[in-house]
Amino acid sequence: MAEHDYDLIVIGAGPGGYVAAIRAAQLGLKTACVESRETLGGTCLNVGCIPSKALLHASEMYHEAQSGSLAKFGIDFKGVSLNLDQMHAEKVKAVSELTGGIEFLFKKNKVDWLKGRAAFTSANSIDVAGKNYTAKNIMVATGSSVTPLPGVEIDQKVIVDSTGALALPKVPKHMVVIGGGVIGLELGSVWLRLGAQVTVVEYLDQILPGMDGEVRKEAAKIFKKQGFNLRMGTKVTGATVKGGMATLTVEPSAGGASETIEADCVLVAIGRRPNTDGLGLEKAGLAVNARGQIEIGHDFQTNVPGIYAIGDVCPGPMLAHKAEDEGIAAAEFVAGLTGIVNHDVIPGVVYTYPEIASVGLTEEEAKEHASASGSEIKVGKFPMMANSRAKTNRTTDGFVKVIADAKTDRVLGVHIIASIAGSMIAEAAVAMEFGATSEDIAYTCHAHPTHAEALKEAAMAVTGKPIHM
Ligand code: FAD
Ligand code: NAI
């Protein structure tokens with residue numbers, strides 16, 4: 001009889017956990033994955049990436065048809081109306097097709113789905129729904145959930161988190177978004193396009209913390225033009241709800257006179273925190289750091305040998321593709337191979353219109369690194385306004401920025417605001433992964449007419465001059 005029930009038990013079936021479980025099974029390990037949700041796929045598939053992108057796409061099409069912006073192309077719409085129930089139904093269909101797909105993949109790869117909440121009972125055993133399971137290795141992939149804001153209680157009716165904001169039964173008149181980060185701007189965009197007035201209250205003096213400074217400024221300019229009311233340097237100190245309306249008390253972050261804002265919908269989007277409550281970490285000898293994250297080594301092992309952790313529950317950007325890549329690499333380590341994730345080259349995309357995408361160092365970070373090591377940087381920029389395809393499509397907002405080391409010309413970071421920045425950034429990530437110089441990108445033939453030519457021209461601008469500017 002085998003010493004353990006499984007070679008590997010993964011806790012959590014989000015993009016980190018389900019991918020790790022499938023990879024481990026492909027490598028011949030007897031694998032189970034525990035998930036307490038009714039469907040697989042975690043935050044990303046159920047209440048994150050997928051439903052948000054479904055609504056972003058649908059609301060963009062509605063806005064294009066309804067606003068008359070297609071008239072210049074000779075496309076006239078009359079009597080455009082919103083069927084919000086149908087928009088939600090199509091989103092739910094996309095989600096259930098994808099979550100069902102993971103269930104199919106589990107069956108195909110012979111991954112057992114243990115249904116229920118897992119809690120450690122020792123370093124190599126867990127309890128799920130009253131049953132104990134043992135495993136040679138256990139991987140924590142429990143993800144993250146919304147950070148609450150004291151004094152602003154989420155009721156999922158008037159005051160919602162991202163999950164509530166993905167399923168509002170009607171378009172709010174005035175939505176206040178607390179937090180000008182990725183969720184606030186993506187979901188704020190959805191409801192703005194569907195007709196809401198949207199105010200974003202951001203604690204810092206700029207939106208999109210962590211992104212390149214120039215990108216943050218340009219993005220704010222574009223969002224204001226679209227109709228977002230951006231209240232930077234402002235904090236919410238409390239909220240009361242009465243008769244379907246919220247009254248928020250806000251004041252300058254630096255202190256000062258307070259005022260109130262009325263809204264029929266408030267979205268709290270001030271960040272996410274790792275899920276470790278009720279996991280019984282202490283029974284396994286696991287600890288969390290000051291931010292509640294599980295620390296890991298290069299092989300994704302925690303302080304307890306045989307226990308691994310990946311994804312949002314660990315330090316690093318809270319992104320689905322980061323979780324997935326960590327899942328693959330960690331499963332490979334469990335199987336005795338060497339898994340690799342280059343944490344310096346993880347792209348990030350904000351799926352607003354235009355999209356905002358980045359990979360590598362921001363200009364501020366690159367300057368800081370350079371001054372610490374006695375080197376310098378060079379920056380090449382190219383506006384989408386001068387890109388022929390963007391001009392043809394009338395999608396000229398934004399720019400491409402390439403940052404390279406002044407001496408070696410190696411690309412250190414790429415930042416893009418463009419209608420399809422999320423697709424364009426993949427090329428920059430591949431280039432950086434291969435250690436490309438800006439010259440490598442500049443001398444690579446890019447198809448014409450494409451938005452990608454703007455990356456080539458920004459790379460040309462690093463050492464010399466682009467052609468079309
Ligand atoms: P999760 O996806 O959070 O999955 C963890 C799973 O573990 C959950 O299903 C949970 O139920 C389960 N679980 C937790 N504890 C237990 C337990 N004790 N027992 C059993 N099961 C347990 N990222 C992107 O890259 N692109 C995007 O476009 C994007 N959009 C997003 C939009 C929104 C609105 C949100 C909220 C997030 C978005 N993200 C996006 C972030 C992305 O969803 C996360 O980074 C990603 O899901 C993390 O994957 P994970 O596997 O670490 O955890
Ligand atoms: P975030 O960290 O992106 O933004 C939170 C914002 O709230 C910050 O700008 C912060 O300064 C502000 N803030 C914090 N406390 C505040 C307060 N009291 N009052 C006002 N503002 C306050 O977090 P967000 O948007 O909640 O997203 C969580 C995570 O989900 C992100 O880390 C992101 O990686 C992931 N995500 C990724 C997406 C993507 O890849 N497209 C889409 C959505 C989410």
# chains A, B, ... in the order shown; residues from 1 in each chain; ligands from 1

$ residues_around --residues "region 196-208 of chain A" --least-positions-apart "2" --cutoff "8 Å" --atoms "only C-alpha atoms" --output "VMD selection string"
chain A and resid 171 to 182 184 188 191 to 194 210 to 211 216 to 217 220 227 to 236 253

$ residues_around --residues "Ile183 (chain A)" --least-positions-apart "4" --cutoff "8 Å" --atoms "only C-alpha atoms" --output "list in words"
Ser162, Leu187, Gly188 and Ala269 of chain A

$ closest_residue --among "A:Ala21, A:Val146, A:Met61, A:Leu82" --to "ligand 1" --atoms "only C-alpha atoms and all ligand atoms"
A:Val146

$ residues_around --residues "region 310-312 of chain A" --least-positions-apart "3" --cutoff "9 Å" --atoms "only C-alpha atoms" --output "ChimeraX atom specification"
/A:14-17,139-144,272-275,293-294,296,300,315-327,330

$ write_last_selection --atoms "C-alpha atoms" --output "mmCIF file, in the first residue's frame"
data_model
loop_
_atom_site.group_PDB
_atom_site.id
_atom_site.type_symbol
_atom_site.label_atom_id
_atom_site.label_comp_id
_atom_site.auth_asym_id
_atom_site.auth_seq_id
_atom_site.Cartn_x
_atom_site.Cartn_y
_atom_site.Cartn_z
ATOM 1 C CA GLY A 14 -7.387 29.030 -9.455
ATOM 2 C CA PRO A 15 -5.014 29.626 -12.383
ATOM 3 C CA GLY A 16 -2.099 28.756 -10.094
ATOM 4 C CA GLY A 17 -3.561 25.616 -8.537
ATOM 5 C CA MET A 139 0.937 23.027 -2.567
ATOM 6 C CA VAL A 140 -0.892 26.083 -1.228
ATOM 7 C CA ALA A 141 -2.608 27.996 -4.041
ATOM 8 C CA THR A 142 -5.434 29.607 -2.089
ATOM 9 C CA GLY A 143 -5.254 32.971 -3.842
ATOM 10 C CA SER A 144 -6.500 36.272 -2.462
ATOM 11 C CA ARG A 272 -6.430 42.273 -2.332
ATOM 12 C CA ARG A 273 -4.966 40.215 0.494
ATOM 13 C CA PRO A 274 -3.763 36.602 0.627
ATOM 14 C CA ASN A 275 -6.191 33.834 1.692
ATOM 15 C CA GLN A 293 1.855 36.190 2.413
ATOM 16 C CA ILE A 294 3.529 32.792 2.448
ATOM 17 C CA ILE A 296 8.879 30.801 -0.698
ATOM 18 C CA PHE A 300 8.551 27.516 -4.485
ATOM 19 C CA PRO A 315 4.738 37.777 -2.691
ATOM 20 C CA GLY A 316 4.755 39.347 -6.165
ATOM 21 C CA PRO A 317 2.177 40.784 -8.538
ATOM 22 C CA MET A 318 -1.331 39.363 -8.151
ATOM 23 C CA LEU A 319 -1.755 38.228 -11.733
ATOM 24 C CA ALA A 320 -3.236 35.092 -13.249
ATOM 25 C CA HIS A 321 -0.356 34.429 -15.654
ATOM 26 C CA LYS A 322 2.187 34.832 -12.838
ATOM 27 C CA ALA A 323 0.207 32.260 -10.810
ATOM 28 C CA GLU A 324 0.012 29.904 -13.813
ATOM 29 C CA ASP A 325 3.719 30.058 -14.575
ATOM 30 C CA GLU A 326 4.547 29.521 -10.914
ATOM 31 C CA GLY A 327 2.144 26.547 -10.906
ATOM 32 C CA ALA A 330 6.463 24.405 -8.854
#

$ residues_around --residues "region 40-55 of chain A" --least-positions-apart "4" --cutoff "8 Å" --atoms "only C-alpha atoms" --output "PyMOL selection string"
chain A and resi 12-15+18+35+59+87-88+90-92+94-95+98-100+102-103+143+162-163+166+186-187+190+320+351

$ write_last_selection --atoms "N, CA and C atoms" --output "CSV table (one decimal), in the first residue's frame"
chain,number,residue,atom,x,y,z
A,12,GLY,N,-6.6,24.7,-3.7
A,12,GLY,CA,-7.1,25.9,-4.5
A,12,GLY,C,-7.0,25.6,-6.0
A,13,ALA,N,-8.1,25.8,-6.7
A,13,ALA,CA,-8.1,25.5,-8.2
A,13,ALA,C,-8.2,26.8,-9.0
A,14,GLY,N,-7.5,27.8,-8.6
A,14,GLY,CA,-7.4,29.0,-9.5
A,14,GLY,C,-6.4,28.8,-10.5
A,15,PRO,N,-6.0,29.8,-11.3
A,15,PRO,CA,-5.0,29.6,-12.4
A,15,PRO,C,-3.7,29.1,-11.9
A,18,TYR,N,-4.9,25.0,-10.5
A,18,TYR,CA,-5.4,24.0,-11.5
A,18,TYR,C,-4.3,23.7,-12.5
A,35,GLU,N,-10.9,22.2,-3.9
A,35,GLU,CA,-11.5,23.5,-4.2
A,35,GLU,C,-12.9,23.6,-3.6
A,59,SER,N,-19.4,46.1,-23.0
A,59,SER,CA,-19.7,47.5,-22.8
A,59,SER,C,-19.0,48.4,-23.8
A,87,MET,N,-26.5,40.9,-21.4
A,87,MET,CA,-25.1,41.1,-21.3
A,87,MET,C,-24.5,40.3,-20.2
A,88,HIS,N,-25.2,40.2,-19.0
A,88,HIS,CA,-24.7,39.4,-17.9
A,88,HIS,C,-24.8,37.9,-18.3
A,90,GLU,N,-24.5,36.5,-21.2
A,90,GLU,CA,-23.4,36.1,-22.1
A,90,GLU,C,-22.1,35.9,-21.4
A,91,LYS,N,-21.9,36.8,-20.4
A,91,LYS,CA,-20.8,36.7,-19.5
A,91,LYS,C,-20.8,35.4,-18.7
A,92,VAL,N,-22.0,35.1,-18.2
A,92,VAL,CA,-22.1,33.8,-17.4
A,92,VAL,C,-21.8,32.6,-18.2
A,94,ALA,N,-19.8,32.5,-20.9
A,94,ALA,CA,-18.4,32.4,-21.2
A,94,ALA,C,-17.7,31.8,-19.9
A,95,VAL,N,-18.1,32.3,-18.7
A,95,VAL,CA,-17.5,31.8,-17.5
A,95,VAL,C,-17.7,30.3,-17.4
A,98,LEU,N,-15.7,28.1,-19.7
A,98,LEU,CA,-14.3,28.0,-19.3
A,98,LEU,C,-14.1,27.2,-18.0
A,99,THR,N,-15.0,27.4,-17.0
A,99,THR,CA,-14.8,26.6,-15.8
A,99,THR,C,-15.1,25.1,-16.0
A,100,GLY,N,-16.1,24.9,-16.9
A,100,GLY,CA,-16.4,23.5,-17.3
A,100,GLY,C,-15.2,22.9,-18.0
A,102,ILE,N,-12.1,23.4,-17.4
A,102,ILE,CA,-11.1,22.9,-16.4
A,102,ILE,C,-11.5,21.6,-15.8
A,103,GLU,N,-12.8,21.5,-15.6
A,103,GLU,CA,-13.3,20.2,-15.0
A,103,GLU,C,-13.0,19.0,-16.0
A,143,GLY,N,-4.9,31.7,-3.2
A,143,GLY,CA,-5.3,33.0,-3.8
A,143,GLY,C,-5.4,34.1,-2.9
A,162,SER,N,-15.5,43.9,-6.1
A,162,SER,CA,-15.4,43.6,-7.5
A,162,SER,C,-16.4,42.5,-7.9
A,163,THR,N,-16.7,41.5,-7.0
A,163,THR,CA,-17.6,40.5,-7.4
A,163,THR,C,-19.0,41.1,-7.6
A,166,LEU,N,-19.4,43.1,-10.7
A,166,LEU,CA,-19.5,42.4,-12.0
A,166,LEU,C,-21.0,41.9,-12.2
A,186,GLU,N,-10.9,49.4,-14.5
A,186,GLU,CA,-11.5,48.4,-15.4
A,186,GLU,C,-13.0,48.4,-15.2
A,187,LEU,N,-13.4,48.2,-13.9
A,187,LEU,CA,-14.9,48.1,-13.7
A,187,LEU,C,-15.6,49.4,-13.7
A,190,VAL,N,-16.4,49.9,-17.3
A,190,VAL,CA,-17.6,49.2,-17.7
A,190,VAL,C,-18.9,50.0,-17.5
A,320,ALA,N,-2.9,36.5,-12.9
A,320,ALA,CA,-3.2,35.1,-13.2
A,320,ALA,C,-2.1,34.4,-13.9
A,351,TYR,N,-7.0,46.4,-18.7
A,351,TYR,CA,-7.8,46.3,-19.9
A,351,TYR,C,-8.9,47.4,-20.1

$ decode --residues "region 163-180 of chain A" --atoms "C-alpha atoms" --output "short mmCIF file (atom, residue, chain, number, x, y, z; two decimals), in the first residue's frame"
data_model
loop_
_atom_site.label_atom_id
_atom_site.label_comp_id
_atom_site.auth_asym_id
_atom_site.auth_seq_id
_atom_site.Cartn_x
_atom_site.Cartn_y
_atom_site.Cartn_z
CA THR A 163 -17.65 40.49 -7.39
CA GLY A 164 -20.72 42.65 -6.75
CA ALA A 165 -19.66 45.16 -9.42
CA LEU A 166 -19.54 42.35 -11.98
CA ALA A 167 -23.20 41.54 -11.42
CA LEU A 168 -25.03 44.84 -10.80
CA PRO A 169 -28.67 44.33 -11.82
CA LYS A 170 -28.98 47.88 -13.14
CA VAL A 171 -26.70 50.68 -14.27
CA PRO A 172 -25.99 52.99 -11.32
CA LYS A 173 -26.67 56.71 -11.67
CA HIS A 174 -23.53 57.62 -9.74
CA MET A 175 -20.86 55.07 -8.93
CA VAL A 176 -18.05 56.00 -6.58
CA VAL A 177 -14.99 53.79 -6.95
CA ILE A 178 -12.69 53.76 -3.94
CA GLY A 179 -9.21 53.02 -5.29
CA GLY A 180 -7.81 54.14 -8.64
#
